[in-house]
Amino acid sequence: MIIFSHSHLSHKITLRRISRFSMDIVRALCFGLQDSFSSCGKTVKLLKANSELRSKLLQCFLLNGAVFMMSLLLFDYFLVPLVLLIAPTETSHWIHMTLTAIFRLSWVLPLYLISRLFNVFWYQEIADLVYSAVRTGRSARAKKSASISEHIADIIYSVVVQCVFLLQASAVGSIPVLGFALQVLHMSLVYSLYAFEYVWMNQGLGVVKRVALIHHNWAYFTGYGAVMALVIASASNYFMGVCLFSIMFPILLVSCHLTKLQERVKYTPLPLFKPSILVTERFMSLTNRR
């Protein structure tokens, strides 16, 4: 009887811990979602007060939305159906494939490369503008100085880690039943890292510390990047996903500067980036030997 009572008590304690852990995760997810939306009002106020920031965001939206995305939509939902309506049925498949190949090689691919190049500079300028504006409004940690070589090494290391992590996200996406949820979890984290990385780099945090923040606040960052991850996952093709990312990311980039992450939640870490870091470190060590 005593053994049974002890076993029953242990079972109740275990269930209570699991319940508490689950509630902490749900709360952190909700905090992340809430912050991703609640910052919109602050973002609008910031845009009203900063004409240079408005200009950069408008340039992003015009190139990635009005030009790139609209051209894809017009091709898929207007030009192709119109041509197939006129063309003979027996050759419609061949015509569709030929039109798609010509369109992507002559227009989509060059525009994709141009937009990626411009976006790199625009995102950095937007991040610097928002960081400066936020620092004038409240105290922030001073930016640590680093040599150019250290800064370049940090960026290269970060890019390699993120590329390996994207391969990891693609791999877990093929797991039966849970694949989609695991992939959304990975992409939510990496989109949050993309955005908050600009803040943390301005604060002088290295890539290891940046990834550690993601690990220790993984549920919060999952919630923060979940909407973007779900929207992009619903894209009809890769290039449409790129357009959606390029339109949504500047807003996420602005809003992440207006959140107060450190004041929210702390719970059990989930080191999903650990395999990517190990692979990157192995890759870097082999490269240095050569």
# chains A, B, ... in the order shown; residues from 1 in each chain; ligands from 1

$ residues_around --residues "region 275-277 of chain A" --least-positions-apart "6" --cutoff "6 Å" --atoms "only C-alpha atoms" --output "JSON list (two decimals) with N, CA, C and O atoms, in the first residue's frame"
[["chain", "number", "residue", "atom", "x", "y", "z"],
["A", 161, "VAL", "N", 26.14, 28.49, -40.72],
["A", 161, "VAL", "CA", 25.24, 27.85, -39.73],
["A", 161, "VAL", "C", 23.80, 27.89, -40.24],
["A", 161, "VAL", "O", 23.08, 26.88, -40.17],
["A", 164, "VAL", "N", 23.26, 25.42, -43.21],
["A", 164, "VAL", "CA", 23.18, 24.04, -42.73],
["A", 164, "VAL", "C", 21.84, 23.81, -42.01],
["A", 164, "VAL", "O", 21.21, 22.76, -42.16],
["A", 165, "PHE", "N", 21.39, 24.82, -41.27],
["A", 165, "PHE", "CA", 20.12, 24.70, -40.55],
["A", 165, "PHE", "C", 18.95, 24.60, -41.53],
["A", 165, "PHE", "O", 17.98, 23.88, -41.27]]

$ residues_around --residues "region 239-243 of chain A" --least-positions-apart "6" --cutoff "6 Å" --atoms "only C-alpha atoms" --output "list of chain:residue names"
A:Asn64, A:Met69, A:Ile232

$ closest_atom_pairs --of "region 21-137 of chain A" --to "region 181-188 of chain A" --cutoff "12 Å" --atoms "only C-alpha atoms" --output "tab-separated table"
residue	atom	partner	partner_atom	distance
A:Leu29	CA	A:Ser188	CA	11.1
A:Gly32	CA	A:Ser188	CA	10.6
A:Leu33	CA	A:Ser188	CA	11.1
A:Ser36	CA	A:Ser188	CA	11.9

$ residues_around --residues "Leu253 (chain A)" --least-positions-apart "6" --cutoff "10 Å" --atoms "only C-alpha atoms" --output "VMD selection string"
chain A and resid 123 to 124 126 to 127 130 191 to 192 194 to 199

$ write_last_selection --atoms "C-alpha atoms" --output "PDB file, in the first residue's frame"
ATOM      1  CA  TYR A 123      17.697  45.414 -44.720  1.00  0.00           C
ATOM      2  CA  GLN A 124      20.956  46.617 -43.189  1.00  0.00           C
ATOM      3  CA  ILE A 126      16.535  49.663 -42.203  1.00  0.00           C
ATOM      4  CA  ALA A 127      18.069  47.891 -39.199  1.00  0.00           C
ATOM      5  CA  VAL A 130      15.517  51.617 -36.479  1.00  0.00           C
ATOM      6  CA  TYR A 191      13.155  33.768 -39.526  1.00  0.00           C
ATOM      7  CA  SER A 192      13.264  35.125 -35.976  1.00  0.00           C
ATOM      8  CA  TYR A 194      17.280  36.599 -39.288  1.00  0.00           C
ATOM      9  CA  ALA A 195      15.415  39.550 -37.764  1.00  0.00           C
ATOM     10  CA  PHE A 196      16.847  39.669 -34.233  1.00  0.00           C
ATOM     11  CA  GLU A 197      20.358  39.087 -35.533  1.00  0.00           C
ATOM     12  CA  TYR A 198      20.469  42.703 -36.720  1.00  0.00           C
ATOM     13  CA  VAL A 199      19.652  43.877 -33.179  1.00  0.00           C
TER      14      VAL A 199
END

$ residues_around --residues "region 102-109 of chain A" --least-positions-apart "3" --cutoff "9 Å" --atoms "only C-alpha atoms" --output "PyMOL selection string"
chain A and resi 68+71-72+75+97-99+112-114+239

$ write_last_selection --atoms "N, CA, C and O atoms" --output "compact mmCIF listing (two decimals), in the first residue's frame"
# COMPACT_ATOMS: atom_id res chain seq x y z
N PHE A 68 8.09 42.36 -58.57
CA PHE A 68 8.42 40.93 -58.61
C PHE A 68 7.17 40.06 -58.43
O PHE A 68 6.84 39.22 -59.29
N SER A 71 4.43 40.45 -61.18
CA SER A 71 4.80 39.83 -62.45
C SER A 71 4.55 38.32 -62.41
O SER A 71 4.10 37.73 -63.39
N LEU A 72 4.84 37.69 -61.26
CA LEU A 72 4.58 36.26 -61.11
C LEU A 72 3.09 35.96 -61.17
O LEU A 72 2.66 34.99 -61.82
N PHE A 75 1.71 36.44 -64.72
CA PHE A 75 2.11 35.34 -65.61
C PHE A 75 1.29 34.08 -65.33
O PHE A 75 0.78 33.44 -66.25
N MET A 97 5.14 24.65 -70.63
CA MET A 97 6.51 24.41 -70.18
C MET A 97 7.49 25.39 -70.83
O MET A 97 8.38 25.93 -70.17
N THR A 98 7.31 25.64 -72.12
CA THR A 98 8.20 26.55 -72.85
C THR A 98 8.06 27.98 -72.33
O THR A 98 9.06 28.67 -72.09
N LEU A 99 6.82 28.43 -72.17
CA LEU A 99 6.57 29.78 -71.67
C LEU A 99 7.17 29.96 -70.26
O LEU A 99 7.80 30.99 -69.98
N TYR A 112 15.25 38.11 -59.56
CA TYR A 112 15.53 37.47 -58.26
C TYR A 112 16.92 37.86 -57.76
O TYR A 112 17.08 38.25 -56.60
N LEU A 113 17.92 37.80 -58.64
CA LEU A 113 19.28 38.14 -58.24
C LEU A 113 19.41 39.63 -57.90
O LEU A 113 20.07 39.99 -56.92
N ILE A 114 18.75 40.47 -58.70
CA ILE A 114 18.79 41.92 -58.44
C ILE A 114 18.11 42.25 -57.11
O ILE A 114 18.64 43.03 -56.30
N PHE A 239 9.77 30.95 -55.85
CA PHE A 239 9.92 32.39 -56.11
C PHE A 239 8.81 33.20 -55.45
O PHE A 239 9.04 34.31 -54.99

$ closest_atom_pairs --of "region 112-135 of chain A" --to "region 41-61 of chain A" --cutoff "10 Å" --atoms "only C-alpha atoms" --output "Markdown table"
| residue | atom | partner | partner_atom | distance |
| --- | --- | --- | --- | --- |
| A:Ser115 | CA | A:Cys60 | CA | 8.7 |
| A:Phe118 | CA | A:Cys60 | CA | 8.4 |
| A:Asn119 | CA | A:Cys60 | CA | 7.0 |
| A:Phe121 | CA | A:Lys56 | CA | 9.9 |
| A:Trp122 | CA | A:Lys56 | CA | 6.4 |
| A:Tyr123 | CA | A:Lys56 | CA | 8.5 |
| A:Glu125 | CA | A:Lys56 | CA | 7.8 |
| A:Ile126 | CA | A:Leu53 | CA | 6.3 |
| A:Ala127 | CA | A:Leu53 | CA | 9.3 |
| A:Asp128 | CA | A:Leu53 | CA | 9.7 |
| A:Leu129 | CA | A:Leu53 | CA | 6.6 |
| A:Val130 | CA | A:Leu53 | CA | 7.6 |
| A:Ala133 | CA | A:Leu46 | CA | 8.1 |
| A:Val134 | CA | A:Leu46 | CA | 9.0 |

$ residues_around --residues "Ser255 (chain A)" --least-positions-apart "3" --cutoff "9 Å" --atoms "only C-alpha atoms" --output "list in words"
Asp35, Ser36, Phe37, Ser38, Ser39, Cys40, Lys42, Thr43, Ala195, Pro250, Ile251, Leu252, Leu258 and Thr259 of chain A

$ atom_distance --atom1 "CA of Gln168 (chain A)" --atom2 "CA of Pro271 (chain A)"
12.9 Å
